[in-house]
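First comes the structure, then the notes that go with it.
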Amino acid sequence: MIFRTRLMITAASVLLATSTVCLAAEQTTAANKPAVSGVQDSYNNLVQKITQGQIKVIKQFAGPGDLVGLEVLSPQGQKAVIYADKNAQYIIIGNVITADGQSRTAVDTEKYVNTEIAQKAWANAAKTAWVLDGSANAKHVIYAIADPNCSACHKFYNDTRPYVDKGDLAIRWILVGFRGPSSPGMAMAIINAKDPAALLKQNETQFNSAKEQGGIKPLDNPSADLKAKFAGNMKFMSDHQFTVTPLIIFQDNQGKAHTVMGALPEPQLKQMVDSAAKP
């Protein structure tokens with residue numbers, strides 16, 4: 001089952017399109033790096049040429065039809081899946097669709113990129129300054145990275161209320177702040193509250209969707225310890241290459257970790273909740 005597909009089918013094109021603007025300082029160093037063992041020089045050379053030496057091929061695998069799949073890496077640690085023809089003359093970026101309508105890009109991204117990231121994120125999520133929402137005895141547990149001023153996070157909060165209120169789901173919110181100047185202070189206010197779940201609820205019940213603004217005030221003069229906890233949450237997000245909120249992390253009953261970007265419609269949300277196991 002593939003959960004983390006939205007936005008990932010365009011990740012490679014964004015990565016390659018922005019590399020010449022954001023990563024110009026890396027050109028000389030990256031261009032001199034040899035291809036990883038198991039990757040043919042022709043494919044690595046093609047990608048290096050197109051990206052001016054900024055993107056490196058780290059894995060080669062069998063792609064759909066006559067295509068060769070390539071897992072690529074930017075100097076900033078971002079990974080994506082692209083494809084090349086077998087003669088190493090062309091690069092195919094974006095959503096490759098099979099005859100039965102399946103996104104092969106999404107399948108390969110899940111297999112070669114997302115699974116590794118999700119497993120690391122699941123293992124490290126417990127070390128963050130998370131806030132419990134729901135019963136500690138809930139049979140389904142997920143982590144959710146969220147910004148107090150994020151409208152998509154607000155929608156996810158509302159969509160999950162039936163599961164949380166029934167005691168079926170517990171959400172461990174990893175609060176970050178980048179949507180606006182007040183976001184860090186609001187996140188720290190919730191983390192530092194005597195009843196974090198209650199303040200989180202206030203933020204969401206009084207959320208101003210028109211202004212995309214949470215319903216609480218940011219905390220003034222946070223302590224050094226609180227700043228460190230918040231910084232840890234932000235580092236967790238960046239360390240695992242997460243760039244959007246909400247970002248959901250969970251482990252299924254088979255022990256496989258998954259990540260989901262953005263709020264989910266029903267029945268996908270129910271499917272995710274039912275699949276989530278306790279840590």
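Chain labels follow the order of the structure tokens: the first chain is A, the next B, and so on; residue numbering restarts at 1 in every chain, and ligands are counted from 1 in their shown order.
The protein and nucleic acid residues lying at most 10 Å from A:Leu73 are Ala12, Leu15, Leu16, Gln54, Ile55, Lys56, Val57, Ile58, Lys59, Leu70, Gln76, Gly77, Gln78, Lys79, Ala80 and Val81 of chain A, with only C-alpha atoms considered and sequence neighbours fewer than 3 positions away removed.
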Output C-alpha atoms for every residue in the selection just made, as a tab-separated table (two decimals), in the first residue's frame.
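The new file part-v2.tsv reads:
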```tsv
chain	number	residue	atom	x	y	z
A	12	ALA	CA	12.47	14.98	-9.00
A	15	LEU	CA	14.94	18.98	-7.25
A	16	LEU	CA	16.50	19.24	-10.69
A	54	GLN	CA	25.00	19.08	-8.81
A	55	ILE	CA	22.91	15.90	-8.75
A	56	LYS	CA	24.48	12.47	-8.23
A	57	VAL	CA	23.14	9.04	-9.15
A	58	ILE	CA	23.36	6.76	-6.11
A	59	LYS	CA	21.41	3.71	-7.31
A	70	LEU	CA	17.83	6.06	-11.17
A	76	GLN	CA	21.49	18.83	0.46
A	77	GLY	CA	20.57	15.19	0.92
A	78	GLN	CA	17.28	15.17	-0.99
A	79	LYS	CA	16.51	11.96	-2.88
A	80	ALA	CA	14.22	11.33	-5.82
A	81	VAL	CA	13.54	8.81	-8.57
```
Q | strand (DSSP E or B) call set, DSSP backbone run, stretch 26-211 of chain A, as JSON, numbers by chain | A | {"A": [56, 57, 58, 59, 60, 61, 62, 67, 68, 69, 70, 71, 72, 73, 79, 80, 81, 82, 83, 84, 85, 91, 92, 97, 103, 131, 132, 133, 140, 141, 142, 143, 144, 145, 146, 169, 170, 171, 172, 173, 174, 175, 208]}
Output N, CA and C atoms of each residue in that selection to a file, as a short mmCIF file (atom, residue, chain, number, x, y, z; two decimals), in the first residue's frame.
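File selection_24.cif, as written:
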```cif
data_model
loop_
_atom_site.label_atom_id
_atom_site.label_comp_id
_atom_site.auth_asym_id
_atom_site.auth_seq_id
_atom_site.Cartn_x
_atom_site.Cartn_y
_atom_site.Cartn_z
N LYS A 56 23.70 13.70 -8.11
CA LYS A 56 24.48 12.47 -8.23
C LYS A 56 23.56 11.26 -8.26
N VAL A 57 23.87 10.29 -9.11
CA VAL A 57 23.14 9.04 -9.15
C VAL A 57 23.72 8.11 -8.08
N ILE A 58 22.86 7.62 -7.19
CA ILE A 58 23.36 6.76 -6.11
C ILE A 58 22.88 5.32 -6.25
N LYS A 59 21.89 5.08 -7.11
CA LYS A 59 21.41 3.71 -7.31
C LYS A 59 20.80 3.58 -8.69
N GLN A 60 21.00 2.43 -9.29
CA GLN A 60 20.44 2.11 -10.60
C GLN A 60 19.58 0.87 -10.45
N PHE A 61 18.40 0.85 -11.07
CA PHE A 61 17.52 -0.30 -10.96
C PHE A 61 16.70 -0.43 -12.24
N ALA A 62 16.07 -1.58 -12.41
CA ALA A 62 15.27 -1.83 -13.60
C ALA A 62 14.01 -0.99 -13.58
N LEU A 67 13.16 1.50 -19.92
CA LEU A 67 13.75 2.56 -19.11
C LEU A 67 14.61 2.00 -17.99
N VAL A 68 15.57 2.79 -17.56
CA VAL A 68 16.42 2.47 -16.42
C VAL A 68 16.05 3.42 -15.29
N GLY A 69 15.77 2.88 -14.13
CA GLY A 69 15.45 3.72 -12.98
C GLY A 69 16.71 4.19 -12.28
N LEU A 70 16.68 5.46 -11.85
CA LEU A 70 17.83 6.06 -11.17
C LEU A 70 17.38 6.75 -9.89
N GLU A 71 17.98 6.39 -8.78
CA GLU A 71 17.77 7.14 -7.53
C GLU A 71 18.86 8.20 -7.47
N VAL A 72 18.45 9.46 -7.34
CA VAL A 72 19.41 10.55 -7.38
C VAL A 72 19.43 11.31 -6.06
N LEU A 73 20.55 11.99 -5.83
CA LEU A 73 20.78 12.69 -4.56
C LEU A 73 21.32 14.07 -4.82
N LYS A 79 16.51 13.07 -1.94
CA LYS A 79 16.51 11.96 -2.88
C LYS A 79 15.25 11.96 -3.73
N ALA A 80 15.36 11.43 -4.92
CA ALA A 80 14.22 11.33 -5.82
C ALA A 80 14.49 10.23 -6.84
N VAL A 81 13.43 9.82 -7.53
CA VAL A 81 13.54 8.81 -8.57
C VAL A 81 13.29 9.45 -9.93
N ILE A 82 14.18 9.19 -10.89
CA ILE A 82 14.00 9.62 -12.26
C ILE A 82 14.29 8.42 -13.16
N TYR A 83 14.15 8.60 -14.46
CA TYR A 83 14.40 7.50 -15.39
C TYR A 83 15.26 7.99 -16.56
N ALA A 84 15.94 7.05 -17.20
CA ALA A 84 16.74 7.33 -18.39
C ALA A 84 16.50 6.22 -19.41
N ASP A 85 16.71 6.55 -20.69
CA ASP A 85 16.66 5.48 -21.68
C ASP A 85 17.95 4.66 -21.58
N ILE A 91 16.67 11.90 -20.22
CA ILE A 91 16.21 11.80 -18.84
C ILE A 91 14.70 12.02 -18.82
N ILE A 92 14.00 11.17 -18.10
CA ILE A 92 12.55 11.30 -17.96
C ILE A 92 12.25 11.66 -16.51
N ILE A 97 3.44 6.60 -16.16
CA ILE A 97 2.22 5.83 -15.97
C ILE A 97 2.28 4.54 -16.78
N SER A 103 0.95 4.57 -11.31
CA SER A 103 2.12 5.45 -11.33
C SER A 103 3.35 4.65 -10.94
N VAL A 131 3.56 16.21 21.51
CA VAL A 131 2.42 16.51 22.38
C VAL A 131 1.34 15.46 22.13
N LEU A 132 0.87 14.81 23.20
CA LEU A 132 -0.13 13.76 23.06
C LEU A 132 -1.53 14.34 22.90
N ASP A 133 -2.22 13.85 21.89
CA ASP A 133 -3.61 14.21 21.61
C ASP A 133 -4.41 12.92 21.54
N HIS A 140 -4.30 2.65 18.05
CA HIS A 140 -3.63 3.17 16.86
C HIS A 140 -2.91 4.47 17.21
N VAL A 141 -1.63 4.56 16.87
CA VAL A 141 -0.81 5.73 17.23
C VAL A 141 -0.07 6.22 15.99
N ILE A 142 -0.11 7.53 15.78
CA ILE A 142 0.64 8.14 14.69
C ILE A 142 1.34 9.39 15.20
N TYR A 143 2.37 9.81 14.49
CA TYR A 143 3.01 11.10 14.72
C TYR A 143 2.56 12.04 13.60
N ALA A 144 2.42 13.33 13.92
CA ALA A 144 2.05 14.31 12.91
C ALA A 144 2.86 15.58 13.12
N ILE A 145 3.64 15.95 12.12
CA ILE A 145 4.38 17.22 12.15
C ILE A 145 3.43 18.31 11.70
N ALA A 146 3.31 19.37 12.49
CA ALA A 146 2.34 20.40 12.17
C ALA A 146 2.82 21.77 12.62
N LEU A 169 -7.65 6.43 18.20
CA LEU A 169 -6.41 7.00 17.68
C LEU A 169 -5.80 7.98 18.67
N ALA A 170 -4.48 7.88 18.81
CA ALA A 170 -3.70 8.88 19.55
C ALA A 170 -2.73 9.51 18.56
N ILE A 171 -2.68 10.83 18.58
CA ILE A 171 -1.76 11.56 17.69
C ILE A 171 -0.68 12.20 18.55
N ARG A 172 0.55 11.94 18.21
CA ARG A 172 1.68 12.59 18.86
C ARG A 172 2.13 13.73 17.94
N TRP A 173 1.72 14.93 18.28
CA TRP A 173 2.00 16.09 17.43
C TRP A 173 3.43 16.58 17.64
N ILE A 174 4.18 16.68 16.57
CA ILE A 174 5.52 17.27 16.58
C ILE A 174 5.37 18.68 16.03
N LEU A 175 5.32 19.65 16.91
CA LEU A 175 5.01 21.01 16.51
C LEU A 175 6.26 21.76 16.05
N ASN A 208 -8.45 30.73 12.40
CA ASN A 208 -9.01 31.65 11.42
C ASN A 208 -8.55 31.19 10.03
#
```
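Interatomic distance, atom CA of A:Pro75 to atom CA of A:Pro181: 28.5 Å.
Nearest residue to A:Ser223 among A:Gln206, A:Phe236, A:Ala126, A:Gly185 is A:Gly185, counting only C-alpha atoms.
If you look at atom CA of A:Cys153 and atom CA of A:Gln254, they are 27.3 Å away from each other.
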Q) Could you name the residues that touch A:His154 at 10 Å or less, counting only C-alpha atoms, but leaving out those on the same chain fewer than 5 positions away, as a list in words? A) Ala146, Asp147, Pro148, Asn149, Asp159, Asn203, Glu204, Thr205, Phe207, Asn208, Ser209, Glu212, Gln213, Gly214, Pro246 and Ala263 of chain A
Limited to N, CA and C atoms, could you put the picked residues into a file as a compact mmCIF listing (two decimals), in the first residue's frame?
```txt
# COMPACT_ATOMS: atom_id res chain seq x y z
N ALA A 146 3.31 19.37 12.49
CA ALA A 146 2.34 20.40 12.17
C ALA A 146 2.82 21.77 12.62
N ASP A 147 2.35 22.78 11.92
CA ASP A 147 2.58 24.19 12.26
C ASP A 147 1.26 24.76 12.77
N PRO A 148 1.25 25.51 13.88
CA PRO A 148 -0.01 26.04 14.42
C PRO A 148 -0.76 26.96 13.46
N ASN A 149 -0.07 27.51 12.46
CA ASN A 149 -0.71 28.39 11.49
C ASN A 149 -0.96 27.72 10.14
N ASP A 159 -10.40 16.45 10.78
CA ASP A 159 -10.76 15.16 10.16
C ASP A 159 -10.51 13.98 11.10
N ASN A 203 -6.25 26.22 19.87
CA ASN A 203 -5.66 26.75 18.64
C ASN A 203 -6.49 26.35 17.42
N GLU A 204 -6.98 25.13 17.42
CA GLU A 204 -7.72 24.62 16.26
C GLU A 204 -9.18 25.06 16.25
N THR A 205 -9.82 25.08 17.40
CA THR A 205 -11.23 25.49 17.44
C THR A 205 -11.39 26.97 17.14
N PHE A 207 -9.25 28.60 15.11
CA PHE A 207 -8.42 28.83 13.92
C PHE A 207 -9.15 29.74 12.93
N ASN A 208 -8.45 30.73 12.40
CA ASN A 208 -9.01 31.65 11.42
C ASN A 208 -8.55 31.19 10.03
N SER A 209 -9.42 30.48 9.34
CA SER A 209 -9.05 29.91 8.06
C SER A 209 -8.80 30.98 7.00
N GLU A 212 -5.46 32.14 7.73
CA GLU A 212 -4.55 31.02 8.00
C GLU A 212 -3.74 31.31 9.27
N GLN A 213 -4.50 31.50 10.35
CA GLN A 213 -3.92 31.92 11.62
C GLN A 213 -4.51 31.09 12.75
N GLY A 214 -3.63 30.50 13.58
CA GLY A 214 -4.08 29.74 14.73
C GLY A 214 -4.75 30.62 15.76
N PRO A 246 0.63 19.07 6.99
CA PRO A 246 1.04 18.06 7.96
C PRO A 246 1.83 16.93 7.31
N ALA A 263 -3.28 16.33 4.37
CA ALA A 263 -4.50 15.73 4.91
C ALA A 263 -5.04 14.72 3.90
```
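Ranking A:Glu266, A:Asp225, A:Asp195, A:Asp274 by their shortest atom-to-atom distance to A:Asn253, with only C-alpha atoms included, puts A:Asp274 first.
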Q.
Let's see if you can do this: from backbone DSSP, list all helix (DSSP H, G or I) residues in stretch 161-240 of chain A, as JSON, numbers by chain.
A. {"A": [161, 162, 163, 164, 165, 183, 184, 185, 186, 187, 188, 189, 190, 191, 192, 196, 197, 198, 199, 200, 201, 202, 203, 204, 205, 224, 225, 226, 227, 228, 229, 230, 231, 232, 233, 234, 235, 236, 237, 238, 239]}
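Residue neighbourhood of A:Leu226, excluding near-sequence residues (fewer than 5 positions): Met188, Ile191, Asn192 and Ala231 of chain A, at 9 Å, using only C-alpha atoms.
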Please, could you write that set of residues out with N, CA and C atoms as a PDB file, in the first residue's frame?
```
ATOM      1  N   MET A 188       5.796  26.680  20.676  1.00  0.00           N
ATOM      2  CA  MET A 188       6.408  26.557  22.001  1.00  0.00           C
ATOM      3  C   MET A 188       5.383  26.742  23.106  1.00  0.00           C
ATOM      4  N   ILE A 191       3.744  23.322  23.440  1.00  0.00           N
ATOM      5  CA  ILE A 191       4.684  22.359  24.034  1.00  0.00           C
ATOM      6  C   ILE A 191       4.845  22.609  25.525  1.00  0.00           C
ATOM      7  N   ASN A 192       4.835  23.886  25.922  1.00  0.00           N
ATOM      8  CA  ASN A 192       5.118  24.286  27.298  1.00  0.00           C
ATOM      9  C   ASN A 192       3.878  24.341  28.187  1.00  0.00           C
ATOM     10  N   ALA A 231      13.797  23.619  18.772  1.00  0.00           N
ATOM     11  CA  ALA A 231      14.854  23.462  17.767  1.00  0.00           C
ATOM     12  C   ALA A 231      15.036  22.000  17.392  1.00  0.00           C
TER      13      ALA A 231
END
```
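Nearest to A:Val107 of all the residues A:Thr160, A:Asn95, A:Gly38, A:Pro279 is A:Asn95, based on only C-alpha atoms.
If you look at atom CA of A:Cys150 and atom CA of A:Thr115, they are 25.8 Å away from each other.
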